[in-house]
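File shown here: upload.txt, holding compact mmCIF, C-alpha atoms and all ligand atoms.
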```
# COMPACT_ATOMS: atom_id res chain seq x y z
CA MET T 1 -2.24 -24.73 1.67
CA SER T 2 -3.89 -26.06 -1.44
CA LEU T 3 -5.38 -23.65 -3.90
CA THR T 4 -8.44 -25.84 -4.16
CA THR T 5 -9.32 -25.87 -0.45
CA PRO T 6 -13.12 -25.71 -0.31
CA ASN T 7 -14.52 -22.79 1.59
CA ASN T 8 -16.71 -23.69 4.51
CA ILE T 9 -18.24 -20.90 6.49
CA ALA T 10 -19.90 -21.82 9.79
CA GLY T 11 -20.40 -25.34 8.47
CA ILE T 12 -22.26 -24.12 5.42
CA SER T 13 -20.63 -24.65 2.10
CA CYS T 14 -20.93 -21.33 0.34
CA CYS T 15 -20.94 -20.25 -3.26
CA VAL T 16 -17.36 -20.73 -4.42
CA TYR T 17 -15.45 -20.68 -7.64
CA SER T 18 -12.69 -23.14 -8.13
CA VAL T 19 -9.22 -21.68 -8.08
CA GLY T 20 -6.00 -22.70 -9.66
CA VAL T 21 -4.46 -22.67 -13.08
CA CYS T 22 -7.90 -23.28 -14.58
CA PHE T 23 -10.87 -21.27 -13.34
CA THR T 24 -14.43 -22.48 -13.74
CA LYS T 25 -17.19 -20.28 -15.08
CA VAL T 26 -19.22 -18.55 -12.41
CA ALA T 27 -22.86 -17.73 -11.99
CA HIS T 28 -23.57 -14.02 -12.35
CA MET T 29 -24.43 -12.30 -9.08
CA PRO T 30 -24.90 -8.60 -9.67
CA ASN T 31 -23.58 -5.85 -7.39
CA GLN T 32 -21.57 -8.01 -5.02
CA PRO T 33 -17.81 -7.46 -5.20
CA LYS T 34 -15.97 -10.75 -5.43
CA VAL T 35 -13.14 -11.39 -3.02
CA TYR T 36 -10.65 -14.18 -2.50
CA LEU T 37 -10.58 -16.01 0.82
CA ASN T 38 -8.48 -19.07 1.56
CA GLY T 39 -8.71 -20.76 -1.80
CA SER T 40 -12.12 -19.57 -2.94
CA PHE T 41 -13.63 -16.60 -4.74
CA VAL T 42 -16.77 -15.55 -2.90
CA ASP T 43 -19.15 -12.64 -2.69
CA LYS T 44 -17.72 -10.07 -0.28
CA ASN T 45 -20.79 -10.27 1.96
CA LYS T 46 -20.23 -14.02 2.31
CA ALA T 47 -16.55 -13.83 3.22
CA PHE T 48 -16.02 -14.50 6.92
CA VAL T 49 -13.07 -15.29 9.17
CA SER T 50 -13.06 -16.70 12.66
CA VAL T 51 -12.80 -14.52 15.78
CA MET T 52 -9.83 -16.73 16.63
CA ASP T 53 -7.92 -15.40 13.65
CA ARG T 54 -4.67 -13.87 14.87
CA GLY T 55 -5.16 -11.00 12.44
CA PHE T 56 -8.27 -10.05 14.42
CA LEU T 57 -6.79 -10.78 17.86
CA PHE T 58 -3.25 -9.46 17.42
CA GLY T 59 -2.92 -7.73 14.04
CA ASP T 60 -0.57 -10.64 13.34
CA GLY T 61 -0.10 -10.41 9.59
CA VAL T 62 1.19 -8.51 6.60
CA TYR T 63 -0.50 -6.86 3.65
CA GLU T 64 -0.01 -5.26 0.26
CA VAL T 65 -1.90 -2.72 -1.82
CA PHE T 66 -1.48 -3.09 -5.59
CA PRO T 67 -2.61 -0.33 -7.97
CA SER T 68 -4.03 -1.60 -11.24
CA TYR T 69 -4.60 0.53 -14.32
CA ASN T 70 -6.76 -0.87 -17.11
CA ARG T 71 -6.69 -4.15 -15.16
CA HIS T 72 -2.91 -4.28 -15.29
CA VAL T 73 -1.07 -4.18 -11.95
CA PHE T 74 1.68 -1.58 -11.80
CA GLY T 75 4.77 -2.91 -10.02
CA LEU T 76 3.32 -6.38 -9.45
CA ASP T 77 6.69 -8.14 -9.07
CA SER T 78 7.99 -5.48 -6.68
CA HIS T 79 4.88 -5.73 -4.50
CA LEU T 80 5.09 -9.53 -4.43
CA SER T 81 8.76 -9.38 -3.58
CA ARG T 82 8.06 -7.00 -0.66
CA LEU T 83 5.26 -9.33 0.46
CA GLN T 84 7.70 -12.24 0.48
CA LYS T 85 10.20 -10.25 2.58
CA GLY T 86 7.45 -9.21 4.99
CA LEU T 87 6.24 -12.78 5.43
CA LYS T 88 9.79 -13.96 6.06
CA SER T 89 10.37 -11.20 8.62
CA ILE T 90 7.41 -12.41 10.71
CA GLN T 91 8.07 -16.11 10.06
CA ILE T 92 5.01 -16.95 7.99
CA GLN T 93 5.69 -19.29 5.11
CA ASN T 94 4.60 -17.87 1.77
CA PRO T 95 1.60 -20.05 0.87
CA TYR T 96 1.80 -19.52 -2.90
CA SER T 97 4.32 -19.29 -5.69
CA LEU T 98 4.77 -16.08 -7.67
CA ASN T 99 2.66 -17.41 -10.53
CA GLU T 100 -0.10 -18.56 -8.21
CA TRP T 101 -0.27 -15.10 -6.63
CA LYS T 102 -0.39 -13.49 -10.06
CA SER T 103 -3.26 -15.75 -11.23
CA ILE T 104 -5.29 -15.10 -8.10
CA ILE T 105 -4.76 -11.32 -8.15
CA HIS T 106 -5.68 -11.10 -11.83
CA LYS T 107 -8.73 -13.25 -11.24
CA VAL T 108 -9.93 -10.91 -8.48
CA ILE T 109 -9.49 -7.97 -10.85
CA GLU T 110 -11.32 -9.83 -13.62
CA LEU T 111 -14.20 -10.77 -11.32
CA ASN T 112 -14.81 -7.09 -10.56
CA PRO T 113 -15.39 -5.78 -14.07
CA GLU T 114 -17.12 -2.53 -13.09
CA ASN T 115 -13.83 -0.71 -12.53
CA ASN T 116 -11.04 -0.24 -15.03
CA ASN T 117 -8.64 0.96 -12.35
CA GLN T 118 -8.62 -0.98 -9.12
CA ALA T 119 -6.72 -0.99 -5.84
CA VAL T 120 -6.17 -4.59 -4.83
CA TYR T 121 -5.77 -5.22 -1.11
CA LEU T 122 -4.12 -8.48 -0.05
CA GLN T 123 -3.55 -9.61 3.51
CA ILE T 124 -2.10 -12.72 5.05
CA THR T 125 -2.51 -13.36 8.73
CA ARG T 126 -0.85 -16.14 10.70
CA GLY T 127 -4.23 -17.89 10.89
CA CYS T 128 -6.53 -19.29 13.58
CA ASP T 129 -5.53 -21.00 16.80
CA GLN T 130 -7.64 -22.81 19.42
CA ASP T 131 -6.97 -20.27 22.15
CA ARG T 132 -5.88 -16.68 22.33
CA LYS T 133 -2.24 -16.71 23.28
CA HIS T 134 0.68 -14.60 22.16
CA THR T 135 2.78 -17.53 20.99
CA TYR T 136 1.82 -19.54 17.95
CA GLY T 137 2.05 -23.08 16.70
CA ASP T 138 1.98 -24.58 13.25
CA ILE T 139 -1.20 -23.10 11.75
CA ASP T 140 -2.42 -22.34 8.23
CA PRO T 141 -2.37 -18.68 7.27
CA THR T 142 -5.56 -16.81 6.38
CA ILE T 143 -5.38 -15.27 2.92
CA TYR T 144 -7.72 -12.49 1.87
CA ILE T 145 -7.79 -10.37 -1.28
CA GLN T 146 -10.27 -7.70 -2.28
CA SER T 147 -10.36 -5.11 -4.97
CA SER T 148 -12.03 -1.72 -5.03
CA ALA T 149 -12.44 1.18 -7.41
CA PHE T 150 -9.32 3.29 -7.60
CA ASN T 151 -9.79 6.90 -8.65
CA THR T 152 -6.70 9.01 -9.07
CA ARG T 153 -6.77 12.78 -8.82
CA SER T 154 -6.52 14.86 -11.97
CA LYS T 155 -3.49 17.03 -12.65
CA LYS T 156 -5.72 20.09 -12.25
CA GLU T 157 -6.72 18.90 -8.80
CA LEU T 158 -3.12 18.15 -7.80
CA LEU T 159 -1.95 21.55 -9.00
CA LYS T 160 -4.02 23.15 -6.26
CA GLY T 161 -1.41 21.81 -3.83
CA ALA T 162 -2.00 20.00 -0.56
CA GLU T 163 -1.25 20.48 3.12
CA ALA T 164 0.65 18.40 5.67
CA ILE T 165 1.74 18.72 9.27
CA THR T 166 4.66 17.11 11.09
CA GLN T 167 4.44 14.83 14.13
CA ASP T 168 6.88 12.72 16.13
CA ASP T 169 7.22 9.22 14.72
CA ILE T 170 6.32 6.97 17.66
CA ARG T 171 6.21 3.72 15.66
CA TRP T 172 8.32 0.62 16.20
CA SER T 173 11.69 0.05 14.50
CA GLN T 174 10.56 -2.44 11.89
CA CYS T 175 8.60 -0.08 9.66
CA ASN T 176 9.96 -1.88 6.60
CA THR T 177 7.53 -4.73 7.35
CA LYS T 178 4.10 -3.90 5.93
CA ALA T 179 2.36 -5.20 9.03
CA THR T 180 -1.43 -5.13 9.42
CA SER T 181 -0.99 -3.80 12.97
CA LEU T 182 -1.18 -0.11 12.07
CA LEU T 183 -2.38 1.59 15.24
CA PRO T 184 -0.03 4.63 15.16
CA ASN T 185 -0.50 4.98 11.39
CA ILE T 186 -4.27 5.09 11.64
CA MET T 187 -4.12 7.64 14.47
CA TYR T 188 -1.92 9.90 12.28
CA ALA T 189 -4.16 9.33 9.25
CA GLN T 190 -7.23 10.22 11.28
CA MET T 191 -5.47 13.34 12.56
CA ALA T 192 -4.96 14.39 8.91
CA LYS T 193 -8.56 13.59 8.09
CA ASN T 194 -9.88 15.60 11.04
CA LEU T 195 -7.74 18.57 10.01
CA GLU T 196 -8.86 18.12 6.37
CA ILE T 197 -5.27 17.93 5.18
CA GLU T 198 -3.37 15.43 3.01
CA GLU T 199 -0.88 13.81 5.34
CA VAL T 200 1.04 13.72 8.59
CA ILE T 201 4.80 13.74 7.97
CA LEU T 202 6.73 11.84 10.64
CA CYS T 203 10.02 12.82 12.30
CA ARG T 204 12.16 10.49 14.41
CA ASN T 205 14.70 12.37 16.51
CA GLY T 206 14.44 15.35 14.19
CA ILE T 207 14.86 13.24 11.04
CA VAL T 208 12.01 13.05 8.53
CA THR T 209 11.14 9.40 7.94
CA GLU T 210 7.86 8.96 6.03
CA CYS T 211 4.14 9.63 6.54
CA SER T 212 1.08 7.89 7.99
CA SER T 213 0.57 5.96 4.75
CA SER T 214 3.04 7.31 2.22
CA ASN T 215 6.71 8.11 1.66
CA VAL T 216 8.00 11.67 1.55
CA PHE T 217 10.39 13.47 -0.81
CA ILE T 218 11.86 16.96 -0.80
CA VAL T 219 13.46 18.92 -3.63
CA LYS T 220 16.27 21.34 -2.79
CA ASN T 221 18.29 23.11 -5.46
CA GLU T 222 16.85 20.76 -8.11
CA CYS T 223 18.05 17.68 -6.26
CA LEU T 224 15.56 15.10 -4.95
CA TYR T 225 15.99 13.72 -1.42
CA THR T 226 14.22 10.90 0.42
CA HIS T 227 14.95 8.86 3.54
CA PRO T 228 17.15 5.82 2.78
CA LYS T 229 15.65 2.33 2.94
CA GLY T 230 16.03 0.60 6.29
CA SER T 231 13.94 -0.17 9.33
CA TYR T 232 12.45 3.32 9.76
CA ILE T 233 10.45 3.49 6.55
CA LEU T 234 8.37 1.24 4.36
CA PRO T 235 10.31 0.74 1.11
CA GLY T 236 7.51 2.12 -1.04
CA ILE T 237 7.07 0.75 -4.52
CA THR T 238 5.96 4.22 -5.66
CA ARG T 239 9.06 5.68 -3.96
CA GLU T 240 11.19 3.37 -6.11
CA ALA T 241 9.23 4.26 -9.27
CA VAL T 242 9.60 7.99 -8.52
CA LEU T 243 13.36 7.60 -8.04
CA SER T 244 13.54 5.87 -11.45
CA CYS T 245 11.40 8.59 -13.04
CA ALA T 246 13.73 11.23 -11.60
CA THR T 247 16.80 9.51 -13.01
CA ALA T 248 15.08 9.18 -16.39
CA CYS T 249 14.27 12.91 -16.28
CA GLY T 250 17.90 13.78 -15.47
CA ILE T 251 17.12 14.85 -11.90
CA GLN T 252 19.74 14.04 -9.28
CA THR T 253 18.47 11.76 -6.47
CA VAL T 254 19.90 11.32 -2.98
CA GLU T 255 18.66 8.66 -0.53
CA LYS T 256 19.88 10.27 2.65
CA GLU T 257 18.45 11.38 5.98
CA PHE T 258 17.23 14.96 6.11
CA SER T 259 15.95 17.02 9.03
CA LYS T 260 12.64 18.66 9.79
CA ASN T 261 14.40 21.95 9.17
CA ASP T 262 15.41 20.76 5.68
CA LEU T 263 11.76 19.84 5.10
CA LEU T 264 10.59 23.31 6.12
CA GLU T 265 13.21 24.95 3.90
CA ALA T 266 12.63 22.70 0.87
CA ASP T 267 11.73 24.04 -2.57
CA GLU T 268 9.22 21.23 -3.06
CA VAL T 269 7.70 18.47 -0.91
CA TRP T 270 5.82 15.44 -2.24
CA VAL T 271 4.22 12.39 -0.70
CA THR T 272 3.96 9.13 -2.63
CA SER T 273 2.04 5.89 -2.43
CA SER T 274 0.39 3.33 -4.67
CA THR T 275 -3.03 4.88 -4.16
CA ARG T 276 -2.02 8.57 -4.00
CA GLU T 277 0.69 8.39 -6.70
CA VAL T 278 2.76 11.61 -6.30
CA VAL T 279 1.04 14.43 -4.40
CA PRO T 280 2.68 17.86 -4.21
CA ILE T 281 2.52 19.42 -0.74
CA THR T 282 2.51 23.21 -0.70
CA LEU T 283 1.97 23.86 3.03
CA VAL T 284 3.81 22.14 5.90
CA ASP T 285 2.97 23.12 9.47
CA ARG T 286 1.07 26.06 7.94
CA LEU T 287 4.24 27.37 6.30
CA LYS T 288 4.51 27.72 2.53
CA VAL T 289 6.75 25.20 0.77
CA GLY T 290 9.05 27.29 -1.47
CA SER T 291 6.87 29.82 -3.29
CA GLY T 292 3.73 28.06 -2.08
CA MET T 293 3.03 26.85 -5.63
CA VAL T 294 3.44 23.35 -7.06
CA GLY T 295 7.02 23.09 -8.35
CA GLU T 296 8.58 22.42 -11.73
CA VAL T 297 10.32 19.23 -10.65
CA TRP T 298 6.99 17.73 -9.58
CA ARG T 299 5.54 18.57 -13.02
CA SER T 300 8.28 16.59 -14.82
CA ILE T 301 7.94 13.62 -12.49
CA TYR T 302 4.15 13.68 -12.72
CA GLU T 303 4.19 13.41 -16.52
CA HIS T 304 6.74 10.62 -16.45
CA TYR T 305 4.89 8.67 -13.77
CA GLN T 306 1.60 8.93 -15.68
CA ALA T 307 3.35 7.45 -18.71
CA ILE T 308 5.11 4.56 -16.98
CA LYS T 309 2.19 3.47 -14.80
CA VAL T 310 0.29 2.35 -17.89
CA ASN T 311 3.23 1.36 -20.10
CA GLN T 312 5.50 -0.57 -17.79
N1 LIG T 401 0.33 2.46 2.18
N2 LIG T 401 4.73 4.23 3.94
C1 LIG T 401 3.65 3.76 4.58
C2 LIG T 401 3.63 3.79 6.07
C3 LIG T 401 2.57 3.24 3.84
O1 LIG T 401 1.49 2.73 4.49
C4 LIG T 401 2.63 3.25 2.43
C5 LIG T 401 1.52 2.71 1.57
C6 LIG T 401 3.77 3.78 1.80
C7 LIG T 401 3.93 3.80 0.30
O2 LIG T 401 4.15 2.51 -0.21
P1 LIG T 401 3.74 2.13 -1.70
O3 LIG T 401 4.33 3.16 -2.57
O4 LIG T 401 4.33 0.80 -1.90
O5 LIG T 401 2.22 2.16 -1.77
C8 LIG T 401 4.81 4.25 2.60
C9 LIG T 401 -0.73 1.76 1.49
C10 LIG T 401 -1.14 2.38 0.20
C11 LIG T 401 -1.87 1.50 2.45
O6 LIG T 401 -1.57 1.21 3.60
O7 LIG T 401 -3.04 1.54 2.05
```
Kindly transcribe the structure held in the file into structure tokens.
Amino acid sequence: MSLTTPNNIAGISCCVYSVGVCFTKVAHMPNQPKVYLNGSFVDKNKAFVSVMDRGFLFGDGVYEVFPSYNRHVFGLDSHLSRLQKGLKSIQIQNPYSLNEWKSIIHKVIELNPENNNQAVYLQITRGCDQDRKHTYGDIDPTIYIQSSAFNTRSKKELLKGAEAITQDDIRWSQCNTKATSLLPNIMYAQMAKNLEIEEVILCRNGIVTECSSSNVFIVKNECLYTHPKGSYILPGITREAVLSCATACGIQTVEKEFSKNDLLEADEVWVTSSTREVVPITLVDRLKVGSGMVGEVWRSIYEHYQAIKVNQ
């Protein structure tokens, strides 16, 4: 797909900005977030996709969420590399090169100047077909990118601790693909929201995997544990950054399966994601984690993470 594909919505050519290595100047339209759709930057309220899009009909696509601090994306290469793997795993050809992705993502951030810190959401679906059928032919993917304000919690807020519950992990066995079809994940996330708690921690056959939309870590005897990469968890970019922080802080890390019992007997529990960063959990299934206070290991990691996220 060409980067300069004109955008045509319902036969009406809409307000677009040319894309590519060179970007043209744009007319100022206040208060409308700018998004990227299939080669064009448009006002969010003018971005439309067809009902025949397989993302809409089947959840047939992959996505990424990039955290940006002071307009600088943290872990950009790692996110783009995971996107590439995800596309390959569902047999969609990556429409852009690494540099093209970087230009587009930075342009979206630049076009939304109100927010210094932004969470960029990018999704690629297989595209639109003539009819709704499970199988697919050779179609152009639909590419959508938006950016929204990204407010992280203060240390003071995090030190209050957070609560989680455990649930059986009923998801499929390809959780390493960041697929847009997230039905179980949204049900777990909604469960957490309804209970006014931070997260739902998932267990598959008694083994703690990850959470509705984050990875999970435990600390036991000053050693940090998390589920190994593989098909049962999303290989979180924050997870990787936290493992590096731990090593830099001299904390031993072990990527190994651990049980629900280990979780309940842990000294510390944290959940991590690009938008949550590293959240200390002090109650699991209504039981205190360790002393019930945020732990010392979290404090070291928190400081280190705050430093690297803006100085990578
Ligand atoms: N979710 N596991 C799951 C199931 C997730 O959905 C996420 C992130 C993570 C953490 O990955 P990362 O550290 O790369 O953000 C783990 C994103 C934020 C979302 O769906 O909005």
Got a sec to check which residues lie within 9 Å of ligand LIG 401 (chain T), using only C-alpha atoms and all ligand atoms, and send them as a count of residues only? 40
Taking all atoms of stretch 182-201 of chain T that the file lists and extending 6 Å past them on each side, where is the centre of the axis-aligned box and how long are its edges? Answer in Å to one decimal, as AutoDock Vina command-line options.
```
--center_x -2.5 --center_y 9.2 --center_z 9.1 --size_x 26.7 --size_y 30.7 --size_z 24.2
```
Would you mind telling me which residue in T:Gln130, T:Ser148, T:Ser154, T:Ser173 lies nearest to T:Val108 when using only C-alpha atoms? T:Ser148
Please indicate the distance in Å from atom CA of T:Ile308 to atom CA of T:Cys245, rounded to one decimal place.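 Atom CA of T:Cys245 lies 8.4 Å from atom CA of T:Ile308.
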Anything within 12 Å of (-5.1, -14.3, -11.7): list those residues as a list in words, counting only C-alpha atoms and sticking to the file's coordinates.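 So the residues meeting the distance criterion are Val19, Gly20, Val21, Cys22, Phe23, Tyr36, Phe41, Arg71, His72, Val73, Leu76, Leu98, Asn99, Glu100, Trp101, Lys102, Ser103, Ile104, Ile105, His106, Lys107, Val108, Ile109, Glu110, Leu111, Val120 and Ile145 of chain T.
Using only C-alpha atoms, the contacts of stretch 287-302 of chain T at a cut-off of 8 Å, with sequence neighbours closer than 3 positions omitted, comprise Leu159, Lys160, Gly161, Val219, Glu222, Val242, Cys245, Ala246, Cys249, Leu264, Glu265, Ala266, Asp267, Glu268, Val269, Trp270, Val278, Pro280, Ile281, Thr282, Leu283, Val284, Tyr305 and Gln306 of chain T.
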Looking at only C-alpha atoms, which of T:Ile139, T:Leu83, T:Ala164, T:Cys203 is the one that sits closest to T:Asn261?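 Closest residue, counting only C-alpha atoms: T:Cys203.
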In terms of the shortest atom-to-atom distance over only C-alpha atoms, which of T:Ser89, T:Ala307, T:Met52, T:Ile207 is closest to T:Ser259? T:Ile207
Just how far from atom CA of T:Val35 is atom CA of T:Phe74, in Å to one decimal? 19.8 Å
State, in Å with one decimal place, the distance from atom CA of T:Gln32 to atom CA of T:Asn112.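 Separation between atom CA of T:Gln32 and atom CA of T:Asn112: 8.8 Å.
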Just want the 7 Å neighbourhood of T:Tyr225, counted on all atoms listed in the file, with same-chain residues fewer than 3 positions away dropped. Output as JSON, numbers by chain. {"T": [217, 218, 219, 253, 254, 255, 256]}
Will you model N, CA and C atoms for stretch 256-267 of chain T and pass it back as a PDB file, in the coordinates of the input?
```
ATOM      1  N   LYS T 256      19.089   9.855   1.489  1.00  0.00           N
ATOM      2  CA  LYS T 256      19.880  10.270   2.650  1.00  0.00           C
ATOM      3  C   LYS T 256      18.949  10.910   3.671  1.00  0.00           C
ATOM      4  N   GLU T 257      19.278  10.755   4.948  1.00  0.00           N
ATOM      5  CA  GLU T 257      18.450  11.380   5.980  1.00  0.00           C
ATOM      6  C   GLU T 257      18.439  12.900   5.810  1.00  0.00           C
ATOM      7  N   PHE T 258      17.281  13.505   6.065  1.00  0.00           N
ATOM      8  CA  PHE T 258      17.230  14.960   6.110  1.00  0.00           C
ATOM      9  C   PHE T 258      16.356  15.375   7.292  1.00  0.00           C
ATOM     10  N   SER T 259      16.585  16.597   7.770  1.00  0.00           N
ATOM     11  CA  SER T 259      15.950  17.020   9.030  1.00  0.00           C
ATOM     12  C   SER T 259      14.606  17.709   8.778  1.00  0.00           C
ATOM     13  N   LYS T 260      13.910  17.921   9.873  1.00  0.00           N
ATOM     14  CA  LYS T 260      12.640  18.660   9.790  1.00  0.00           C
ATOM     15  C   LYS T 260      12.900  20.077   9.272  1.00  0.00           C
ATOM     16  N   ASN T 261      14.035  20.620   9.659  1.00  0.00           N
ATOM     17  CA  ASN T 261      14.400  21.950   9.170  1.00  0.00           C
ATOM     18  C   ASN T 261      14.590  21.948   7.646  1.00  0.00           C
ATOM     19  N   ASP T 262      15.241  20.891   7.140  1.00  0.00           N
ATOM     20  CA  ASP T 262      15.410  20.760   5.680  1.00  0.00           C
ATOM     21  C   ASP T 262      14.032  20.692   5.006  1.00  0.00           C
ATOM     22  N   LEU T 263      13.125  19.965   5.648  1.00  0.00           N
ATOM     23  CA  LEU T 263      11.760  19.840   5.100  1.00  0.00           C
ATOM     24  C   LEU T 263      11.109  21.213   4.999  1.00  0.00           C
ATOM     25  N   LEU T 264      11.251  21.994   6.079  1.00  0.00           N
ATOM     26  CA  LEU T 264      10.590  23.310   6.120  1.00  0.00           C
ATOM     27  C   LEU T 264      11.251  24.314   5.178  1.00  0.00           C
ATOM     28  N   GLU T 265      12.511  24.020   4.810  1.00  0.00           N
ATOM     29  CA  GLU T 265      13.210  24.950   3.900  1.00  0.00           C
ATOM     30  C   GLU T 265      13.282  24.424   2.473  1.00  0.00           C
ATOM     31  N   ALA T 266      12.545  23.331   2.207  1.00  0.00           N
ATOM     32  CA  ALA T 266      12.630  22.700   0.870  1.00  0.00           C
ATOM     33  C   ALA T 266      11.959  23.564  -0.188  1.00  0.00           C
ATOM     34  N   ASP T 267      12.377  23.346  -1.446  1.00  0.00           N
ATOM     35  CA  ASP T 267      11.730  24.040  -2.570  1.00  0.00           C
ATOM     36  C   ASP T 267      10.414  23.344  -2.927  1.00  0.00           C
TER      37      ASP T 267
END
```
